[in-house]
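**Student:** Take a look at this one; I'll ask things after.
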Amino acid sequence: MAIQPVRLFGDPVLSTPALAVVDYDKELRKLVQDLTETMLDAPGAGLAAPQIGVGLRVFVWDVDDELGHLINPTLDLSDDEQEGDEGCLSFPGLLYNTPRAMRVVAKGFNMFGDPITVEGSELLARAIQHETDHLDGILFIDRLDTALRKEAMKAIRESEWFNESAPTIKVSPHSGPF
Ligand code: ZN
């Protein structure tokens with residue numbers, strides 16, 4: 001049981017695609033536990049392994065009072081979209097309207113290696129897309145339109161956390177961050 005420091009934007013691990021999990025062993029179950037505890041402590045609505053410096057395809061979520069985790073996910077996205085503010089624990093304090101698919105069917109495995117399917121809409125769908133992006137080295141600011149992305153980059157450059165190395169800023173749990 002250990003809460004890990006959350007890596008912030010600028011850390012190369014966040015832009016590196018993560019590797020598929022091969023061994024469903026004790027180490028993996030500890031990783032899921034560490035991710036869950038770190039997410040609950042933050043607090044956040046989701047957390048992916050690269051955010052604590054582990055380059056494996058694993059993430060957890062806490063949406064509508066339900067905890068979950070998924071390993072080696074593949075996603076099937078709906079054509080209809082949703083709008084809404086989205087944040088990320090790797091970008092403390094920043095929220096931007098980020099378009100996402102409204103519904104998702106995610107297939108993958110639980111920490112024991114059993115195949116599972118997770119169906120979600122709205123916030124759960126948003127969390128699953130956000131976390132799966134993390135596993136591909138994609139960050140939520142990459143999903144913003146050009147003008148908004150420019151605004152986000154300016155806010156990041158002006159933020160305290162980007163200019164200092166004391167990453168312990170707490171953020172509001174409203175609609176994320178993930
Ligand atoms: Zn995130």
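The chains in the structure tokens are called A, B, ... from first to last as shown; in each chain the residues are counted from 1, and the ligands are counted from 1 in the order shown.
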Per residue of chain A within 8 Å of ligand 1, what are the shortest atom pair and its distance in Å to one decimal, counting only C-alpha atoms and all ligand atoms, with rows by chain and residue number, as a Markdown table?
**Tutor:**
```
| residue | atom | partner | partner_atom_place_in_ligand_line | distance |
| --- | --- | --- | --- | --- |
| A:Gly46 | CA | ligand 1 | 1 (Zn) | 7.3 |
| A:Leu47 | CA | ligand 1 | 1 (Zn) | 6.4 |
| A:Ala48 | CA | ligand 1 | 1 (Zn) | 7.1 |
| A:Gln51 | CA | ligand 1 | 1 (Zn) | 7.4 |
| A:Gly87 | CA | ligand 1 | 1 (Zn) | 6.9 |
| A:Cys88 | CA | ligand 1 | 1 (Zn) | 3.8 |
| A:Leu89 | CA | ligand 1 | 1 (Zn) | 5.5 |
| A:Ser90 | CA | ligand 1 | 1 (Zn) | 5.8 |
| A:Phe91 | CA | ligand 1 | 1 (Zn) | 7.6 |
| A:His130 | CA | ligand 1 | 1 (Zn) | 6.2 |
| A:Glu131 | CA | ligand 1 | 1 (Zn) | 6.3 |
| A:His134 | CA | ligand 1 | 1 (Zn) | 6.5 |
| A:Leu139 | CA | ligand 1 | 1 (Zn) | 6.7 |
| A:Phe140 | CA | ligand 1 | 1 (Zn) | 6.9 |
| A:Pro177 | CA | ligand 1 | 1 (Zn) | 6.8 |
| A:Phe178 | CA | ligand 1 | 1 (Zn) | 4.4 |
```
**Student:** Suppose we keep N, CA, C and O atoms; can you now write the selection as a PDB file, in the first residue's frame?
**Tutor:**
```pdb
ATOM      1  N   GLY A  46      -9.605   9.213 -12.147  1.00  0.00           N
ATOM      2  CA  GLY A  46      -8.920   8.166 -12.878  1.00  0.00           C
ATOM      3  C   GLY A  46      -7.425   8.387 -12.802  1.00  0.00           C
ATOM      4  O   GLY A  46      -6.969   9.497 -12.492  1.00  0.00           O
ATOM      5  N   LEU A  47      -6.662   7.313 -13.046  1.00  0.00           N
ATOM      6  CA  LEU A  47      -5.204   7.437 -13.040  1.00  0.00           C
ATOM      7  C   LEU A  47      -4.614   6.301 -13.869  1.00  0.00           C
ATOM      8  O   LEU A  47      -5.037   5.153 -13.743  1.00  0.00           O
ATOM      9  N   ALA A  48      -3.644   6.643 -14.708  1.00  0.00           N
ATOM     10  CA  ALA A  48      -2.990   5.646 -15.554  1.00  0.00           C
ATOM     11  C   ALA A  48      -1.558   5.413 -15.065  1.00  0.00           C
ATOM     12  O   ALA A  48      -0.918   6.321 -14.514  1.00  0.00           O
ATOM     13  N   GLN A  51       1.350   7.813 -15.222  1.00  0.00           N
ATOM     14  CA  GLN A  51       1.283   8.985 -14.337  1.00  0.00           C
ATOM     15  C   GLN A  51       2.012   8.769 -13.011  1.00  0.00           C
ATOM     16  O   GLN A  51       2.286   9.732 -12.302  1.00  0.00           O
ATOM     17  N   GLY A  87     -10.108  17.512 -16.793  1.00  0.00           N
ATOM     18  CA  GLY A  87      -8.831  17.871 -16.197  1.00  0.00           C
ATOM     19  C   GLY A  87      -7.959  16.641 -16.104  1.00  0.00           C
ATOM     20  O   GLY A  87      -8.346  15.555 -16.526  1.00  0.00           O
ATOM     21  N   CYS A  88      -6.759  16.818 -15.566  1.00  0.00           N
ATOM     22  CA  CYS A  88      -5.796  15.721 -15.491  1.00  0.00           C
ATOM     23  C   CYS A  88      -4.901  15.959 -14.292  1.00  0.00           C
ATOM     24  O   CYS A  88      -4.442  17.083 -14.075  1.00  0.00           O
ATOM     25  N   LEU A  89      -4.654  14.922 -13.501  1.00  0.00           N
ATOM     26  CA  LEU A  89      -3.805  15.084 -12.316  1.00  0.00           C
ATOM     27  C   LEU A  89      -2.388  15.484 -12.690  1.00  0.00           C
ATOM     28  O   LEU A  89      -1.652  16.009 -11.853  1.00  0.00           O
ATOM     29  N   SER A  90      -2.015  15.285 -13.945  1.00  0.00           N
ATOM     30  CA  SER A  90      -0.681  15.692 -14.404  1.00  0.00           C
ATOM     31  C   SER A  90      -0.644  17.148 -14.852  1.00  0.00           C
ATOM     32  O   SER A  90       0.416  17.638 -15.280  1.00  0.00           O
ATOM     33  N   PHE A  91      -1.818  17.820 -14.770  1.00  0.00           N
ATOM     34  CA  PHE A  91      -1.925  19.252 -15.092  1.00  0.00           C
ATOM     35  C   PHE A  91      -2.728  19.928 -13.973  1.00  0.00           C
ATOM     36  O   PHE A  91      -3.886  20.303 -14.172  1.00  0.00           O
ATOM     37  N   HIS A 130      -9.783   9.070 -21.631  1.00  0.00           N
ATOM     38  CA  HIS A 130      -8.663   9.873 -21.129  1.00  0.00           C
ATOM     39  C   HIS A 130      -7.512   8.964 -20.688  1.00  0.00           C
ATOM     40  O   HIS A 130      -6.348   9.194 -21.034  1.00  0.00           O
ATOM     41  N   GLU A 131      -7.849   7.900 -19.940  1.00  0.00           N
ATOM     42  CA  GLU A 131      -6.800   7.016 -19.412  1.00  0.00           C
ATOM     43  C   GLU A 131      -6.162   6.179 -20.513  1.00  0.00           C
ATOM     44  O   GLU A 131      -4.951   5.948 -20.505  1.00  0.00           O
ATOM     45  N   HIS A 134      -3.602   8.137 -22.151  1.00  0.00           N
ATOM     46  CA  HIS A 134      -2.340   8.154 -21.389  1.00  0.00           C
ATOM     47  C   HIS A 134      -1.455   6.966 -21.769  1.00  0.00           C
ATOM     48  O   HIS A 134      -0.236   7.098 -21.845  1.00  0.00           O
ATOM     49  N   LEU A 139      -2.047  13.205 -24.364  1.00  0.00           N
ATOM     50  CA  LEU A 139      -2.549  13.959 -23.213  1.00  0.00           C
ATOM     51  C   LEU A 139      -3.792  14.740 -23.603  1.00  0.00           C
ATOM     52  O   LEU A 139      -4.014  15.007 -24.785  1.00  0.00           O
ATOM     53  N   PHE A 140      -4.609  15.115 -22.610  1.00  0.00           N
ATOM     54  CA  PHE A 140      -5.912  15.706 -22.947  1.00  0.00           C
ATOM     55  C   PHE A 140      -5.767  17.008 -23.726  1.00  0.00           C
ATOM     56  O   PHE A 140      -6.619  17.326 -24.546  1.00  0.00           O
ATOM     57  N   PRO A 177     -10.260  15.639 -11.854  1.00  0.00           N
ATOM     58  CA  PRO A 177      -9.350  15.318 -12.949  1.00  0.00           C
ATOM     59  C   PRO A 177      -9.031  13.828 -13.013  1.00  0.00           C
ATOM     60  O   PRO A 177      -9.336  13.091 -12.089  1.00  0.00           O
ATOM     61  N   PHE A 178      -8.473  13.434 -14.115  1.00  0.00           N
ATOM     62  CA  PHE A 178      -8.132  12.031 -14.332  1.00  0.00           C
ATOM     63  C   PHE A 178      -6.637  11.825 -14.287  1.00  0.00           C
ATOM     64  O   PHE A 178      -6.115  11.008 -14.954  1.00  0.00           O
TER      65      PHE A 178
END
```
**Student:** With DSSP run on the backbone, what are the strand (DSSP E) residues within chain A? I'd like them as a short mmCIF file (atom, residue, chain, number, x, y, z; two decimals) with C-alpha atoms, in the first residue's frame.
**Tutor:**
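Once written, result-v1.cif looks like this:
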```
data_model
loop_
_atom_site.label_atom_id
_atom_site.label_comp_id
_atom_site.auth_asym_id
_atom_site.auth_seq_id
_atom_site.Cartn_x
_atom_site.Cartn_y
_atom_site.Cartn_z
CA GLY A 46 -8.92 8.17 -12.88
CA LEU A 47 -5.20 7.44 -13.04
CA ALA A 48 -2.99 5.65 -15.55
CA VAL A 58 -2.95 -0.28 -16.77
CA PHE A 59 -5.40 2.29 -15.43
CA VAL A 60 -7.92 2.75 -12.65
CA TRP A 61 -11.02 4.91 -12.19
CA ASP A 62 -13.39 6.13 -9.51
CA VAL A 63 -16.59 7.25 -11.20
CA GLU A 66 -17.47 2.76 -8.39
CA LEU A 67 -13.83 1.76 -8.45
CA GLY A 68 -12.51 -0.09 -11.46
CA HIS A 69 -9.35 -1.04 -13.26
CA LEU A 70 -8.52 -2.23 -16.75
CA ILE A 71 -5.40 -3.76 -18.27
CA ASN A 72 -4.40 -3.88 -21.96
CA PRO A 73 -7.60 -2.06 -23.07
CA THR A 74 -9.02 -1.81 -26.56
CA LEU A 75 -11.84 0.67 -27.11
CA ASP A 76 -14.90 0.80 -29.32
CA LEU A 77 -16.21 4.39 -29.40
CA GLU A 81 -19.95 12.89 -28.86
CA GLN A 82 -20.04 14.71 -25.54
CA ASP A 85 -14.73 20.15 -18.84
CA GLU A 86 -11.90 17.70 -18.39
CA GLY A 87 -8.83 17.87 -16.20
CA LEU A 95 -9.82 22.27 -16.89
CA TYR A 96 -10.76 22.55 -20.56
CA ASN A 97 -13.78 21.64 -22.61
CA ARG A 100 -15.03 12.82 -26.34
CA ALA A 101 -17.20 10.00 -27.58
CA ARG A 103 -20.19 5.96 -25.07
CA VAL A 104 -17.42 3.40 -25.00
CA VAL A 105 -17.15 -0.36 -24.90
CA ALA A 106 -13.74 -1.25 -23.46
CA LYS A 107 -12.33 -4.76 -23.59
CA GLY A 108 -9.32 -5.85 -21.60
CA PHE A 109 -8.33 -7.83 -18.53
CA PRO A 115 -11.05 -11.00 -19.83
CA ILE A 116 -13.53 -8.23 -18.99
CA THR A 117 -15.74 -5.80 -20.88
CA VAL A 118 -16.64 -2.39 -19.45
CA GLU A 119 -19.44 -0.33 -20.98
CA GLY A 120 -19.70 3.30 -20.03
CA SER A 121 -21.27 6.57 -21.04
#
```
**Student:** Name the residues of segment 25-152 of chain A that come out as helix (DSSP H, G or I) in a backbone DSSP run; write them as a ChimeraX atom specification.
**Tutor:** /A:26-41,49-52,122-135,140-143,146-152
**Student:** Interatomic distance between atom CA of Pro17 of chain A and atom CA of Gly137 of chain A?
**Tutor:**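 So the answer is 4.6 Å.
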**Student:** Excluding segment 151-161 of chain A and its own-chain neighbours fewer than 3 positions away, which residues fall within 12 Å of it when counting only C-alpha atoms? Please give them as an MDAnalysis selection string.
**Tutor:** chainID A and resid 6:10 87 89:98 139:148 164:170
**Student:** Check the smallest atom-to-atom distance from each of A:Ala125, A:Gln4, A:Thr132, A:Leu28 to Asp41 of chain A using only C-alpha atoms, then report the winner.
**Tutor:** A:Gln4
**Student:** Which residue gives the smallest distance to Ala49 of chain A among A:Gly176, A:Asp25, A:Met102, A:Asp133, with only C-alpha atoms counted?
**Tutor:**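 Result for the nearest residue to Ala49 of chain A: A:Asp133.
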